[in-house]
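Shown below: input-v3.cif, with mmCIF, C-alpha atoms, pLDDT in the B column; chains and numbers go by the auth columns.
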data_query
#
loop_
_atom_site.group_PDB
_atom_site.id
_atom_site.type_symbol
_atom_site.label_atom_id
_atom_site.label_comp_id
_atom_site.label_asym_id
_atom_site.label_seq_id
_atom_site.Cartn_x
_atom_site.Cartn_y
_atom_site.Cartn_z
_atom_site.B_iso_or_equiv
_atom_site.auth_seq_id
_atom_site.auth_asym_id
ATOM 1 C CA MET A 1 37.222 105.172 79.559 71.00 247 A
ATOM 2 C CA ASN A 2 39.899 102.855 78.164 82.00 248 A
ATOM 3 C CA PHE A 3 43.397 102.068 79.405 79.00 249 A
ATOM 4 C CA SER A 4 45.177 104.526 77.092 86.00 250 A
ATOM 5 C CA GLU A 5 43.073 107.398 78.479 87.00 251 A
ATOM 6 C CA PHE A 6 43.898 106.336 82.041 82.00 252 A
ATOM 7 C CA PHE A 7 47.549 106.060 81.018 88.00 253 A
ATOM 8 C CA LYS A 8 47.565 109.670 79.775 89.00 254 A
ATOM 9 C CA MET A 9 45.603 110.958 82.766 89.00 255 A
ATOM 10 C CA GLY A 10 47.899 109.171 85.234 89.00 256 A
ATOM 11 C CA GLY A 11 50.937 110.820 83.693 90.00 257 A
ATOM 12 C CA PRO A 12 53.211 109.161 81.166 91.00 258 A
ATOM 13 C CA LEU A 13 56.282 109.093 83.418 93.00 259 A
ATOM 14 C CA PHE A 14 54.872 107.124 86.343 95.00 260 A
ATOM 15 C CA MET A 15 52.495 105.058 84.234 96.00 261 A
ATOM 16 C CA SER A 16 55.412 104.026 81.975 96.00 262 A
ATOM 17 C CA ILE A 17 57.532 103.082 84.967 97.00 263 A
ATOM 18 C CA LEU A 18 54.656 101.091 86.421 97.00 264 A
ATOM 19 C CA THR A 19 54.042 99.322 83.115 97.00 265 A
ATOM 20 C CA LEU A 20 57.722 98.368 82.892 98.00 266 A
ATOM 21 C CA LEU A 21 57.539 97.033 86.445 98.00 267 A
ATOM 22 C CA LEU A 22 54.419 95.044 85.514 98.00 268 A
ATOM 23 C CA VAL A 23 56.099 93.454 82.495 98.00 269 A
ATOM 24 C CA GLY A 24 59.306 92.813 84.432 98.00 270 A
ATOM 25 C CA MET A 25 57.460 91.227 87.357 98.00 271 A
ATOM 26 C CA VAL A 26 55.408 88.900 85.151 98.00 272 A
ATOM 27 C CA ALA A 27 58.482 87.908 83.126 98.00 273 A
ATOM 28 C CA TRP A 28 60.518 87.290 86.310 98.00 274 A
ATOM 29 C CA ILE A 29 57.902 85.042 87.898 98.00 275 A
ATOM 30 C CA ILE A 30 57.238 83.078 84.696 97.00 276 A
ATOM 31 C CA TYR A 31 60.980 82.666 84.049 97.00 277 A
ATOM 32 C CA TYR A 32 61.716 81.227 87.484 97.00 278 A
ATOM 33 C CA LEU A 33 58.569 79.116 87.467 97.00 279 A
ATOM 34 C CA ILE A 34 59.669 77.505 84.201 96.00 280 A
ATOM 35 C CA ARG A 35 63.259 77.059 85.428 96.00 281 A
ATOM 36 C CA GLY A 36 62.013 75.522 88.669 94.00 282 A
ATOM 37 C CA LEU A 37 59.688 73.114 86.871 94.00 283 A
ATOM 38 C CA SER A 38 62.256 72.099 84.265 93.00 284 A
ATOM 39 C CA GLY A 39 64.812 71.193 86.904 88.00 285 A
ATOM 40 C CA ASN A 40 67.422 73.725 85.712 90.00 286 A
ATOM 41 C CA ILE A 41 67.555 75.074 89.264 93.00 287 A
ATOM 42 C CA SER A 42 66.569 73.574 92.607 93.00 288 A
ATOM 43 C CA SER A 43 63.095 74.109 93.972 92.00 289 A
ATOM 44 C CA GLN A 44 64.514 76.105 96.874 94.00 290 A
ATOM 45 C CA THR A 45 66.366 78.442 94.524 95.00 291 A
ATOM 46 C CA ALA A 46 63.247 78.886 92.382 96.00 292 A
ATOM 47 C CA LEU A 47 61.133 79.667 95.463 96.00 293 A
ATOM 48 C CA ARG A 48 63.716 82.192 96.658 96.00 294 A
ATOM 49 C CA GLN A 49 63.786 83.871 93.231 97.00 295 A
ATOM 50 C CA LEU A 50 59.983 84.023 93.097 97.00 296 A
ATOM 51 C CA VAL A 51 60.008 86.179 96.224 97.00 297 A
ATOM 52 C CA TYR A 52 61.928 88.791 94.224 97.00 298 A
ATOM 53 C CA GLY A 53 59.073 88.855 91.708 97.00 299 A
ATOM 54 C CA ARG A 54 56.689 89.612 94.553 97.00 300 A
ATOM 55 C CA SER A 55 59.072 92.365 95.676 98.00 301 A
ATOM 56 C CA ILE A 56 58.939 93.931 92.209 98.00 302 A
ATOM 57 C CA GLY A 57 55.156 94.129 92.661 98.00 303 A
ATOM 58 C CA LEU A 58 55.604 95.821 96.029 98.00 304 A
ATOM 59 C CA PHE A 59 58.008 98.290 94.441 98.00 305 A
ATOM 60 C CA ALA A 60 55.292 99.058 91.854 98.00 306 A
ATOM 61 C CA LEU A 61 52.823 99.794 94.664 98.00 307 A
ATOM 62 C CA ILE A 62 55.297 102.155 96.326 98.00 308 A
ATOM 63 C CA THR A 63 56.020 103.819 92.976 97.00 309 A
ATOM 64 C CA GLY A 64 52.283 104.337 92.417 97.00 310 A
ATOM 65 C CA ILE A 65 51.897 105.945 95.828 97.00 311 A
ATOM 66 C CA LEU A 66 54.882 108.186 95.112 97.00 312 A
ATOM 67 C CA GLY A 67 53.254 109.210 91.816 95.00 313 A
ATOM 68 C CA GLN A 68 50.079 110.140 93.670 95.00 314 A
ATOM 69 C CA LEU A 69 51.934 112.170 96.288 95.00 315 A
ATOM 70 C CA ILE A 70 53.838 114.102 93.624 93.00 316 A
ATOM 71 C CA GLY A 71 50.582 114.700 91.733 89.00 317 A
ATOM 72 C CA LEU A 72 48.841 115.946 94.871 91.00 318 A
ATOM 73 C CA PHE A 73 51.768 118.217 95.679 91.00 319 A
ATOM 74 C CA GLN A 74 51.571 119.747 92.194 88.00 320 A
ATOM 75 C CA ALA A 75 47.786 120.097 92.443 84.00 321 A
ATOM 76 C CA PHE A 76 47.951 121.798 95.841 86.00 322 A
ATOM 77 C CA THR A 77 50.682 124.122 94.578 89.00 323 A
ATOM 78 C CA PHE A 78 48.422 125.083 91.669 84.00 324 A
ATOM 79 C CA ILE A 79 45.430 125.569 93.997 85.00 325 A
ATOM 80 C CA HIS A 80 47.513 127.771 96.283 86.00 326 A
ATOM 81 C CA LYS A 81 48.603 129.947 93.346 89.00 327 A
ATOM 82 C CA MET A 82 45.057 130.209 91.938 86.00 328 A
ATOM 83 C CA GLY A 83 43.498 131.136 95.233 83.00 329 A
ATOM 84 C CA ASN A 84 39.868 130.090 95.241 83.00 330 A
ATOM 85 C CA VAL A 85 39.210 126.841 93.342 83.00 331 A
ATOM 86 C CA SER A 86 35.828 125.122 93.105 86.00 332 A
ATOM 87 C CA PRO A 87 35.470 121.859 95.011 85.00 333 A
ATOM 88 C CA SER A 88 34.562 119.934 91.844 87.00 334 A
ATOM 89 C CA ILE A 89 37.893 120.840 90.225 83.00 335 A
ATOM 90 C CA MET A 90 39.712 119.885 93.413 83.00 336 A
ATOM 91 C CA TYR A 91 37.904 116.525 93.621 86.00 337 A
ATOM 92 C CA GLU A 92 38.691 115.782 89.985 86.00 338 A
ATOM 93 C CA GLY A 93 42.381 116.460 90.660 83.00 339 A
ATOM 94 C CA ILE A 94 42.364 114.118 93.640 87.00 340 A
ATOM 95 C CA LYS A 95 40.622 111.456 91.540 89.00 341 A
ATOM 96 C CA VAL A 96 43.224 111.750 88.776 89.00 342 A
ATOM 97 C CA SER A 97 46.067 111.578 91.298 89.00 343 A
ATOM 98 C CA MET A 98 44.770 108.189 92.450 94.00 344 A
ATOM 99 C CA ILE A 99 45.280 106.531 89.039 94.00 345 A
ATOM 100 C CA THR A 100 48.949 105.687 89.657 96.00 346 A
ATOM 101 C CA THR A 101 48.168 104.312 93.106 96.00 347 A
ATOM 102 C CA LEU A 102 45.371 102.129 91.764 96.00 348 A
ATOM 103 C CA TYR A 103 47.633 100.843 88.991 96.00 349 A
ATOM 104 C CA GLY A 104 50.359 100.111 91.540 97.00 350 A
ATOM 105 C CA PHE A 105 47.841 98.235 93.719 98.00 351 A
ATOM 106 C CA PHE A 106 46.710 96.229 90.685 97.00 352 A
ATOM 107 C CA ILE A 107 50.313 95.274 89.869 98.00 353 A
ATOM 108 C CA TYR A 108 51.029 94.284 93.468 98.00 354 A
ATOM 109 C CA LEU A 109 47.847 92.215 93.669 98.00 355 A
ATOM 110 C CA LEU A 110 48.792 90.457 90.432 98.00 356 A
ATOM 111 C CA ALA A 111 52.301 89.854 91.805 98.00 357 A
ATOM 112 C CA LEU A 112 50.869 88.258 94.944 98.00 358 A
ATOM 113 C CA ILE A 113 48.547 86.019 92.939 98.00 359 A
ATOM 114 C CA LEU A 114 51.278 84.931 90.508 98.00 360 A
ATOM 115 C CA TRP A 115 53.765 84.354 93.340 98.00 361 A
ATOM 116 C CA PHE A 116 51.226 82.315 95.308 98.00 362 A
ATOM 117 C CA VAL A 117 50.269 80.138 92.328 97.00 363 A
ATOM 118 C CA ALA A 118 53.884 79.648 91.211 97.00 364 A
ATOM 119 C CA THR A 119 54.935 78.736 94.749 97.00 365 A
ATOM 120 C CA ILE A 120 52.189 76.134 95.043 96.00 366 A
ATOM 121 C CA ILE A 121 53.089 74.626 91.662 96.00 367 A
ATOM 122 C CA ILE A 122 56.800 74.364 92.500 95.00 368 A
ATOM 123 C CA GLU A 123 56.130 72.975 95.982 93.00 369 A
ATOM 124 C CA LYS A 124 53.798 70.317 94.537 92.00 370 A
ATOM 125 C CA LYS A 125 56.474 69.353 92.022 86.00 371 A
ATOM 126 C CA HIS A 126 59.099 69.209 94.772 80.00 372 A
ATOM 127 C CA HIS A 127 56.923 66.992 97.021 81.00 373 A
ATOM 128 C CA SER A 128 55.977 64.668 94.166 77.00 374 A
ATOM 129 C CA SER A 129 59.643 64.087 93.214 64.00 375 A
#
For the file at hand, write its structure as C-alpha coordinates.
Amino acid sequence: MNFSEFFKMGGPLFMSILTLLLVGMVAWIIYYLIRGLSGNISSQTALRQLVYGRSIGLFALITGILGQLIGLFQAFTFIHKMGNVSPSIMYEGIKVSMITTLYGFFIYLLALILWFVATIIIEKKHHSS
(Lines of atoms letter the chains of each structure in order from A and count residues from 1; the text may use other names and numbers.)
(Lines give C-alpha, C1' and ligand atoms only; values in the text may rest on other atoms or scores of the structure.)
Protein backbone atom coordinates (compact mmCIF):
# COMPACT_ATOMS: atom_id res chain seq x y z
CA MET A 1 0.00 0.00 0.00
CA ASN A 2 1.47 3.37 -0.96
CA PHE A 3 1.17 6.78 0.69
CA SER A 4 -1.64 8.04 -1.57
CA GLU A 5 -3.81 5.05 -0.59
CA PHE A 6 -3.13 5.72 3.10
CA PHE A 7 -3.90 9.39 2.49
CA LYS A 8 -7.32 8.52 1.04
CA MET A 9 -8.06 5.93 3.72
CA GLY A 10 -7.09 8.33 6.52
CA GLY A 11 -9.51 10.93 5.21
CA PRO A 12 -8.52 13.86 3.05
CA LEU A 13 -9.41 16.54 5.61
CA PHE A 14 -7.20 15.41 8.48
CA MET A 15 -4.47 14.00 6.26
CA SER A 16 -4.28 17.33 4.39
CA ILE A 17 -4.07 19.26 7.64
CA LEU A 18 -1.37 16.93 8.90
CA THR A 19 0.59 17.24 5.66
CA LEU A 20 0.43 21.04 5.89
CA LEU A 21 1.67 20.83 9.48
CA LEU A 22 4.51 18.54 8.34
CA VAL A 23 5.62 20.95 5.62
CA GLY A 24 5.24 23.96 7.92
CA MET A 25 7.22 22.31 10.73
CA VAL A 26 10.10 21.29 8.46
CA ALA A 27 10.21 24.73 6.84
CA TRP A 28 10.12 26.47 10.25
CA ILE A 29 12.99 24.44 11.69
CA ILE A 30 15.15 24.75 8.56
CA TYR A 31 14.47 28.50 8.34
CA TYR A 32 15.53 29.21 11.91
CA LEU A 33 18.47 26.82 11.69
CA ILE A 34 19.78 28.72 8.66
CA ARG A 35 19.12 32.11 10.28
CA GLY A 36 20.87 30.98 13.46
CA LEU A 37 23.90 29.68 11.58
CA SER A 38 24.19 32.72 9.32
CA GLY A 39 24.24 35.10 12.27
CA ASN A 40 21.09 36.99 11.21
CA ILE A 41 19.66 36.31 14.67
CA SER A 42 21.30 35.40 17.97
CA SER A 43 21.76 31.79 18.93
CA GLN A 44 19.36 32.22 21.84
CA THR A 45 16.65 33.59 19.56
CA ALA A 46 17.19 30.75 17.07
CA LEU A 47 16.98 28.15 19.86
CA ARG A 48 13.78 29.74 21.17
CA GLN A 49 12.25 29.73 17.67
CA LEU A 50 13.21 26.09 17.13
CA VAL A 51 11.06 25.12 20.10
CA TYR A 52 8.06 26.44 18.16
CA GLY A 53 8.90 24.00 15.36
CA ARG A 54 8.79 21.18 17.88
CA SER A 55 5.43 22.53 19.09
CA ILE A 56 4.07 22.36 15.54
CA GLY A 57 4.97 18.66 15.57
CA LEU A 58 3.13 18.20 18.86
CA PHE A 59 0.11 19.96 17.39
CA ALA A 60 0.24 17.47 14.49
CA LEU A 61 0.18 14.58 16.97
CA ILE A 62 -2.84 16.05 18.74
CA THR A 63 -4.55 16.66 15.39
CA GLY A 64 -3.94 13.03 14.41
CA ILE A 65 -5.46 11.79 17.65
CA LEU A 66 -8.46 14.07 17.12
CA GLY A 67 -8.87 12.62 13.62
CA GLN A 68 -8.88 9.12 15.07
CA LEU A 69 -11.44 9.99 17.74
CA ILE A 70 -13.77 11.56 15.18
CA GLY A 71 -13.34 8.52 12.92
CA LEU A 72 -14.11 6.14 15.78
CA PHE A 73 -17.15 8.17 16.75
CA GLN A 74 -18.47 7.96 13.18
CA ALA A 75 -17.70 4.23 13.00
CA PHE A 76 -19.47 3.50 16.29
CA THR A 77 -22.45 5.58 15.18
CA PHE A 78 -22.63 3.50 12.00
CA ILE A 79 -22.29 0.24 13.96
CA HIS A 80 -25.06 1.32 16.32
CA LYS A 81 -27.38 2.08 13.39
CA MET A 82 -26.56 -1.20 11.60
CA GLY A 83 -27.08 -3.34 14.65
CA ASN A 84 -25.02 -6.49 14.34
CA VAL A 85 -21.67 -5.96 12.58
CA SER A 86 -19.04 -8.66 12.09
CA PRO A 87 -15.86 -8.29 14.14
CA SER A 88 -13.67 -8.22 11.02
CA ILE A 89 -15.47 -5.12 9.71
CA MET A 90 -15.17 -3.50 13.12
CA TYR A 91 -11.44 -4.28 13.34
CA GLU A 92 -10.86 -2.88 9.86
CA GLY A 93 -12.60 0.35 10.88
CA ILE A 94 -10.44 0.65 13.98
CA LYS A 95 -7.33 0.01 11.87
CA VAL A 96 -8.29 2.72 9.39
CA SER A 97 -9.02 5.18 12.20
CA MET A 98 -5.44 4.78 13.41
CA ILE A 99 -3.91 6.14 10.18
CA THR A 100 -4.19 9.80 11.23
CA THR A 101 -2.74 9.04 14.66
CA LEU A 102 0.20 7.17 13.16
CA TYR A 103 0.85 10.02 10.73
CA GLY A 104 0.68 12.51 13.59
CA PHE A 105 3.15 10.40 15.60
CA PHE A 106 5.48 10.26 12.59
CA ILE A 107 5.36 14.06 12.22
CA TYR A 108 6.00 14.59 15.93
CA LEU A 109 8.91 12.14 15.91
CA LEU A 110 10.40 13.92 12.91
CA ALA A 111 9.91 17.27 14.68
CA LEU A 112 11.77 15.99 17.74
CA ILE A 113 14.65 14.67 15.64
CA LEU A 114 14.95 17.86 13.58
CA TRP A 115 14.70 20.05 16.69
CA PHE A 116 17.34 17.99 18.50
CA VAL A 117 19.78 18.06 15.57
CA ALA A 118 19.23 21.77 14.87
CA THR A 119 19.70 22.61 18.55
CA ILE A 120 22.98 20.71 18.71
CA ILE A 121 24.25 22.40 15.54
CA ILE A 122 23.39 25.90 16.78
CA GLU A 123 24.82 25.25 20.25
CA LYS A 124 28.08 23.97 18.73
CA LYS A 125 28.29 27.09 16.58
CA HIS A 126 27.59 29.30 19.59
CA HIS A 127 30.28 27.60 21.73
CA SER A 128 32.86 27.70 18.94
CA SER A 129 32.37 31.47 18.41
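Note that atom CA of Leu307 of chain A and atom CA of Phe351 of chain A are 5.3 Å apart.
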* To do: Output the residue selection produced by the PyMOL selection byres ((chain A and resi 297) around 12) on the file above, formatted as a ChimeraX atom specification.
  => /A:271,274-275,278-279,290-296,298-304,357-362,364-365
* Hey, can you check how far atom CA of Asn330 of chain A sits from atom CA of Gly256 of chain A? -> 24.5 Å
* List, as a PyMOL selection string, every residue that the PyMOL selection byres ((chain A and resi 321) around 12) selects in the file provided. => chain A and resi 314-320+322-328+331+335-343
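The spacing separating atom CA of Gly313 of chain A from atom CA of Pro333 of chain A amounts to 22.1 Å.
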* Asked: So, counting only C-alpha atoms, which residue among A:Pro258, A:Phe249, A:Phe305, A:Asn286 is closest to Gly270 of chain A?
  -> A:Phe305
To box segment 277-293 of chain A, take all atoms listed in the file, fit an axis-aligned box, add 6 Å on each side, and give centre and edge lengths in Å to one decimal, as lines of an AutoDock Vina configuration file.
center_x = 63.1
center_y = 76.9
center_z = 90.5
size_x = 21.0
size_y = 23.5
size_z = 24.8
* Using all atoms listed in the file: which of A:Ile366, A:Val272, A:Ser284, A:Met344 has the shortest distance to Met255 of chain A -> A:Met344
* Residues picked by the PyMOL selection byres ((chain A and resi 265) around 12) here, as a PyMOL selection string? -> chain A and resi 249-250+253+256-264+266-272+302-303+306-307+309-310+346+349-350+352-354
Go ahead and write the residues just picked, C-alpha atoms, as a short mmCIF file (atom, residue, chain, number, x, y, z; two decimals), keeping the file's coordinate frame.
data_model
loop_
_atom_site.label_atom_id
_atom_site.label_comp_id
_atom_site.auth_asym_id
_atom_site.auth_seq_id
_atom_site.Cartn_x
_atom_site.Cartn_y
_atom_site.Cartn_z
CA PHE A 249 43.40 102.07 79.40
CA SER A 250 45.18 104.53 77.09
CA PHE A 253 47.55 106.06 81.02
CA GLY A 256 47.90 109.17 85.23
CA GLY A 257 50.94 110.82 83.69
CA PRO A 258 53.21 109.16 81.17
CA LEU A 259 56.28 109.09 83.42
CA PHE A 260 54.87 107.12 86.34
CA MET A 261 52.50 105.06 84.23
CA SER A 262 55.41 104.03 81.98
CA ILE A 263 57.53 103.08 84.97
CA LEU A 264 54.66 101.09 86.42
CA LEU A 266 57.72 98.37 82.89
CA LEU A 267 57.54 97.03 86.44
CA LEU A 268 54.42 95.04 85.51
CA VAL A 269 56.10 93.45 82.50
CA GLY A 270 59.31 92.81 84.43
CA MET A 271 57.46 91.23 87.36
CA VAL A 272 55.41 88.90 85.15
CA ILE A 302 58.94 93.93 92.21
CA GLY A 303 55.16 94.13 92.66
CA ALA A 306 55.29 99.06 91.85
CA LEU A 307 52.82 99.79 94.66
CA THR A 309 56.02 103.82 92.98
CA GLY A 310 52.28 104.34 92.42
CA THR A 346 48.95 105.69 89.66
CA TYR A 349 47.63 100.84 88.99
CA GLY A 350 50.36 100.11 91.54
CA PHE A 352 46.71 96.23 90.68
CA ILE A 353 50.31 95.27 89.87
CA TYR A 354 51.03 94.28 93.47
#
